[in-house]
Amino acid sequence: MSLRRLLSPLAFWLLLGGAGQALASHQTLVIAPGSPGHRQDAPLVQALIDEIEASGHHAEVAYLRHQGGRGLPAEQTLALARGMPSPRLVLLHDPAVAFYRRHADTLGATDVVAYGAFDPEHHDWLAERGIPRVDLGPALRRGLAWVAHLEQAPLALWAESESAATILSASVAGSLERAGHRLRWETLSRDALPWAERRLASGDVVRDVGFLVAPPSPEVRRRAEVLRRQGWRLWCLDPAWLEAGCLGGIIVDAAAVAGQLLDALDEEGGSVLAAPATPRVHYTQRQRAAGQGVAIFGMSEALAERQRRGGWFVGVAVGAGVLALVLLLAAGWAEVRRRRRRRQLQLDERTRLPEWPALAARMNRYLEQDYRFQLCWIGFDRLAQLEASEDLALANRLLPALAQRLRKLVGGQAYLARLEGGAFAVMTFFTDEAQARLFMERLQRGLNDSIELGGERHLLLPRLGVVESLGEGDSPPGLLQAAVCAAGRVLREGERRPCWFRPGELDAASQQAALLDELGRGVRHAAEQFQVRVTPFYRLGNRQLAGGSFQLEWRHSRWGVIAPATWRPLARMNQDILGVERYLLSVGLRQLSEQSPGPGLSWSFPISAQHLESPLFSDWLEARCEERGVPLGSVELCVDELALPPSDVALQSLHRLRELGVGLSIDGDQEGVELLALLRLPITVLRLPGALARGLPANQRALLLLKGIRETAVMLGVRVIVTGLDNADRLSSVRGLGYQWGSGPLLGDAEPLESLLRRQADSLTR
């Protein structure tokens, strides 16, 4: 055998050994908090593994916390590092940096890079040893400033614990507070509803905005979900929160960060790099955060595919129509310029008058400056009849003639606008009410005259409704709704005159529409607008006071007294009901503490079933009663909108309240919900509606039914209160059946607690 044949295998094995040594020298160990199933940094860890394996090297991931038998404890992490000769280390967040500080000698790594460490001590330690790091602080500060600019409201930063909040506050609080942004640190172990109650008591009724800086562990995600159900708008930094209901934020780019970390391993020196991040918002918030460089997520695949196809077809159509557009552009240049001018001024094409957006913007400017003005809504019965009969050609010819007449009548004394449905609006600025009324009368007389069109004269039958701005609490849609309501009172026959809006005359549907607009805009209402009143109920045998039911009346400066039956559904729809009801509980308990009504009385508070979804509600109520010195046994909660059967959390809350001695009753829109609750829930009070007693005493079937309900309630130990008693014969019949408690207009209407107790004391002394 020749020497050449002997040397060839030897060279081959030497080459394999060198390659293996080179491969071993490029092994990378990623140390991260959590466990393999943990959602935190999952995109970043996957991007790191993909980058390393794409370059032909090997990567391992070590998780520091052992959960469910899937993670690697600290000892196994050290064992994994010892099995990798001279590994390169990537440290994710403060727990990994702290672990490396304790075991730096054992790990023996030469190339180390850190990511996402916020602790200043870790920053100093890494800088002293020349270890580069990728800093999340700039992205976090940028995200907080961006969200604060979008929401225009104070931010609550939700951290996992008090210690984490202390560390993070050193990184973000100073610069943002100097920029004028108000921050509040909260931990996810607290109940957020007391903050809403304090805001309401101070007159600040706005939706809560939060920023999640806690890692998305399973427990933290459950607590954040409770916040989201309570109406919080939550933003974030970590991309793992996007699939858990987060609205978006300045989100870290995992692929770019992975490239930064691997490049930093090959460089020398302790450089500090800012983590790349881009703004991302949910599809539902795209209108608020529209702009260059804002990515949209949460869009369904079907919608995205339709948009891609639509874009392709639009591109083809635009390409095919370029030639035709060029030919038409020269001929229609003058028309284009004229229409562009009208569009800039927000003018209607037929009447050349400003439309509703321009009018609303002008009204907003005057309201912000607290300048008094009058708004007149003008409708025409004849135009409405033409549109109803689908005679649109005549209506379209009459509109320009009407606009021309209004210009002559108004002159330069008012601002004229065109509204939908053949209506117009006139905005005047008189400081003297007599002058304003005189102007409206003159406008009415000018519009009463017929209009000649095509040789025929047309009477349009105008209706004028006028409302005057009051300042605080007014809004353009609300003022327009009030003017339309006032115009609805104009007589259809006889002499027509302008009708001025009077507070409290708005119908229920229009009132709800105006209030919903106010609640949706987050208008701040003074606490004195809410008045606490008590509807009493008595012992039917001796007419002695047995307690009462607290309720809130909203006394609005524009819409008058708003009953709970009107504003509660709106507050529930706008997710403000929880804070308002906790405000009622706090004020009611304070009044009971101050008035000391005496023992043996029961006081009921209406609450939404959403309170029962928070396990901390019972603790909050217990603390409030103990603080005010009100016995829990004298408090009754009347639960509204409770689904049967209730959820497990709600049922546990009900049993917890009963253990504390709190009374429970059920109220709802469904028929028979009280009797179903009597069989399935631990209630102590059954409220029978007055409709059951309307047939008394003549209806024998109703007598037998009420008698059976009373006997069943006595056997179950449940107290029965008959509500809605408005007739002396029904009262006598109910009392004859053995019912002991009742309420209704016959016994007493709602009034303040102080006057109720004073009137009861006066009746006892007589």
# chains A, B, ... in the order shown; residues from 1 in each chain; ligands from 1
call {"tool": "residues_around", "arguments": {"residues": "Ala127 in chain A", "least_positions_apart": "2", "cutoff": "12 Å", "atoms": "only C-alpha atoms", "output": "list in words"}}
result
Val112, Val113, Ala114, Pro120, Glu121, His122, His123, Asp124, Trp125, Arg129, Gly130, Ile131, Pro132, Arg133, Gly269, Gly270, Ser271 and Val272 of chain A
call {"tool": "write_last_selection", "arguments": {"atoms": "C-alpha atoms", "output": "compact mmCIF listing (two decimals), in the first residue's frame"}}
result
# COMPACT_ATOMS: atom_id res chain seq x y z
CA VAL A 112 -22.64 37.08 26.29
CA VAL A 113 -25.45 39.45 25.33
CA ALA A 114 -28.47 40.59 27.42
CA PRO A 120 -30.29 49.59 37.10
CA GLU A 121 -27.99 47.30 39.12
CA HIS A 122 -27.92 44.84 36.24
CA HIS A 123 -27.15 47.69 33.84
CA ASP A 124 -24.11 48.72 35.88
CA TRP A 125 -22.90 45.12 36.30
CA ARG A 129 -17.87 43.60 32.30
CA GLY A 130 -18.28 44.94 28.79
CA ILE A 131 -21.37 42.83 28.05
CA PRO A 132 -23.58 44.35 25.34
CA ARG A 133 -27.31 44.58 25.86
CA GLY A 269 -17.39 46.14 23.96
CA GLY A 270 -20.41 46.76 26.19
CA SER A 271 -22.58 48.66 23.70
CA VAL A 272 -26.22 49.46 24.50
call {"tool": "residues_around", "arguments": {"residues": "Arg680 in chain A", "least_positions_apart": "6", "cutoff": "10 Å", "atoms": "only C-alpha atoms", "output": "list in words"}}
result
Leu644, Pro645 and Pro646 of chain A
call {"tool": "closest_residue", "arguments": {"among": "A:Leu642, A:Pro215, A:Val257, A:Trp500", "to": "Leu237 in chain A", "atoms": "only C-alpha atoms"}}
result
A:Pro215
call {"tool": "closest_atom_pairs", "arguments": {"of": "range 584-663 of chain A", "to": "range 541-549 of chain A", "cutoff": "12 Å", "atoms": "only C-alpha atoms", "output": "JSON lines"}}
result
{"residue": "A:Leu584", "atom": "CA", "partner": "A:Ser549", "partner_atom": "CA", "distance": 11.3}
{"residue": "A:Leu585", "atom": "CA", "partner": "A:Ser549", "partner_atom": "CA", "distance": 11.3}
{"residue": "A:Gly588", "atom": "CA", "partner": "A:Ser549", "partner_atom": "CA", "distance": 10.0}
{"residue": "A:Leu592", "atom": "CA", "partner": "A:Gly547", "partner_atom": "CA", "distance": 11.2}
{"residue": "A:Pro597", "atom": "CA", "partner": "A:Gly547", "partner_atom": "CA", "distance": 9.1}
{"residue": "A:Gly598", "atom": "CA", "partner": "A:Gly547", "partner_atom": "CA", "distance": 10.2}
{"residue": "A:Pro599", "atom": "CA", "partner": "A:Ala546", "partner_atom": "CA", "distance": 9.9}
{"residue": "A:Gly600", "atom": "CA", "partner": "A:Ala546", "partner_atom": "CA", "distance": 7.4}
{"residue": "A:Leu601", "atom": "CA", "partner": "A:Gly547", "partner_atom": "CA", "distance": 4.8}
{"residue": "A:Ser602", "atom": "CA", "partner": "A:Gly547", "partner_atom": "CA", "distance": 4.6}
{"residue": "A:Trp603", "atom": "CA", "partner": "A:Gly548", "partner_atom": "CA", "distance": 5.1}
{"residue": "A:Ser604", "atom": "CA", "partner": "A:Ser549", "partner_atom": "CA", "distance": 4.4}
{"residue": "A:Phe605", "atom": "CA", "partner": "A:Ser549", "partner_atom": "CA", "distance": 6.0}
{"residue": "A:Pro606", "atom": "CA", "partner": "A:Ser549", "partner_atom": "CA", "distance": 7.9}
{"residue": "A:Ile607", "atom": "CA", "partner": "A:Ser549", "partner_atom": "CA", "distance": 11.5}
{"residue": "A:Ser634", "atom": "CA", "partner": "A:Gly547", "partner_atom": "CA", "distance": 8.9}
{"residue": "A:Val635", "atom": "CA", "partner": "A:Gly547", "partner_atom": "CA", "distance": 9.8}
{"residue": "A:Glu636", "atom": "CA", "partner": "A:Ser549", "partner_atom": "CA", "distance": 8.8}
{"residue": "A:Leu637", "atom": "CA", "partner": "A:Ser549", "partner_atom": "CA", "distance": 9.4}
{"residue": "A:Cys638", "atom": "CA", "partner": "A:Ser549", "partner_atom": "CA", "distance": 9.0}
call {"tool": "closest_residue", "arguments": {"among": "A:Tyr538, A:Tyr583, A:Tyr366, A:Phe430", "to": "Pro476 in chain A", "atoms": "only C-alpha atoms"}}
result
A:Tyr366
call {"tool": "residues_around", "arguments": {"residues": "Arg687 in chain A", "least_positions_apart": "3", "cutoff": "12 Å", "atoms": "only C-alpha atoms", "output": "number ranges by chain"}}
result
A: 537, 549, 604, 638-639, 664-668, 672-675, 677-678, 683-684, 690-692, 709-710, 713, 718-724, 739, 741-743
call {"tool": "residues_around", "arguments": {"residues": "Tyr283 in chain A", "least_positions_apart": "6", "cutoff": "9 Å", "atoms": "only C-alpha atoms", "output": "list in words"}}
result
Leu247, Ile296, Phe297, Gly298 and Met299 of chain A
call {"tool": "write_last_selection", "arguments": {"atoms": "N, CA and C atoms", "output": "mmCIF file, in the first residue's frame"}}
result
data_model
loop_
_atom_site.group_PDB
_atom_site.id
_atom_site.type_symbol
_atom_site.label_atom_id
_atom_site.label_comp_id
_atom_site.auth_asym_id
_atom_site.auth_seq_id
_atom_site.Cartn_x
_atom_site.Cartn_y
_atom_site.Cartn_z
ATOM 1 N N LEU A 247 -55.055 46.164 22.525
ATOM 2 C CA LEU A 247 -55.404 46.993 21.378
ATOM 3 C C LEU A 247 -54.208 47.356 20.521
ATOM 4 N N ILE A 296 -51.588 46.997 10.999
ATOM 5 C CA ILE A 296 -52.906 46.588 11.471
ATOM 6 C C ILE A 296 -52.888 45.085 11.708
ATOM 7 N N PHE A 297 -53.439 44.640 12.848
ATOM 8 C CA PHE A 297 -53.570 43.215 13.119
ATOM 9 C C PHE A 297 -55.012 42.939 13.541
ATOM 10 N N GLY A 298 -55.358 41.658 13.637
ATOM 11 C CA GLY A 298 -56.695 41.270 14.048
ATOM 12 C C GLY A 298 -57.691 41.221 12.904
ATOM 13 N N MET A 299 -57.236 41.414 11.688
ATOM 14 C CA MET A 299 -58.141 41.353 10.546
ATOM 15 C C MET A 299 -58.316 39.892 10.125
#
call {"tool": "atom_distance", "arguments": {"atom1": "CA of Ala170 in chain A", "atom2": "CA of Asp94 in chain A"}}
result
14.5 Å
call {"tool": "residues_around", "arguments": {"residues": "Glu186 in chain A", "least_positions_apart": "5", "cutoff": "8 Å", "atoms": "only C-alpha atoms", "output": "count of residues only"}}
result
5
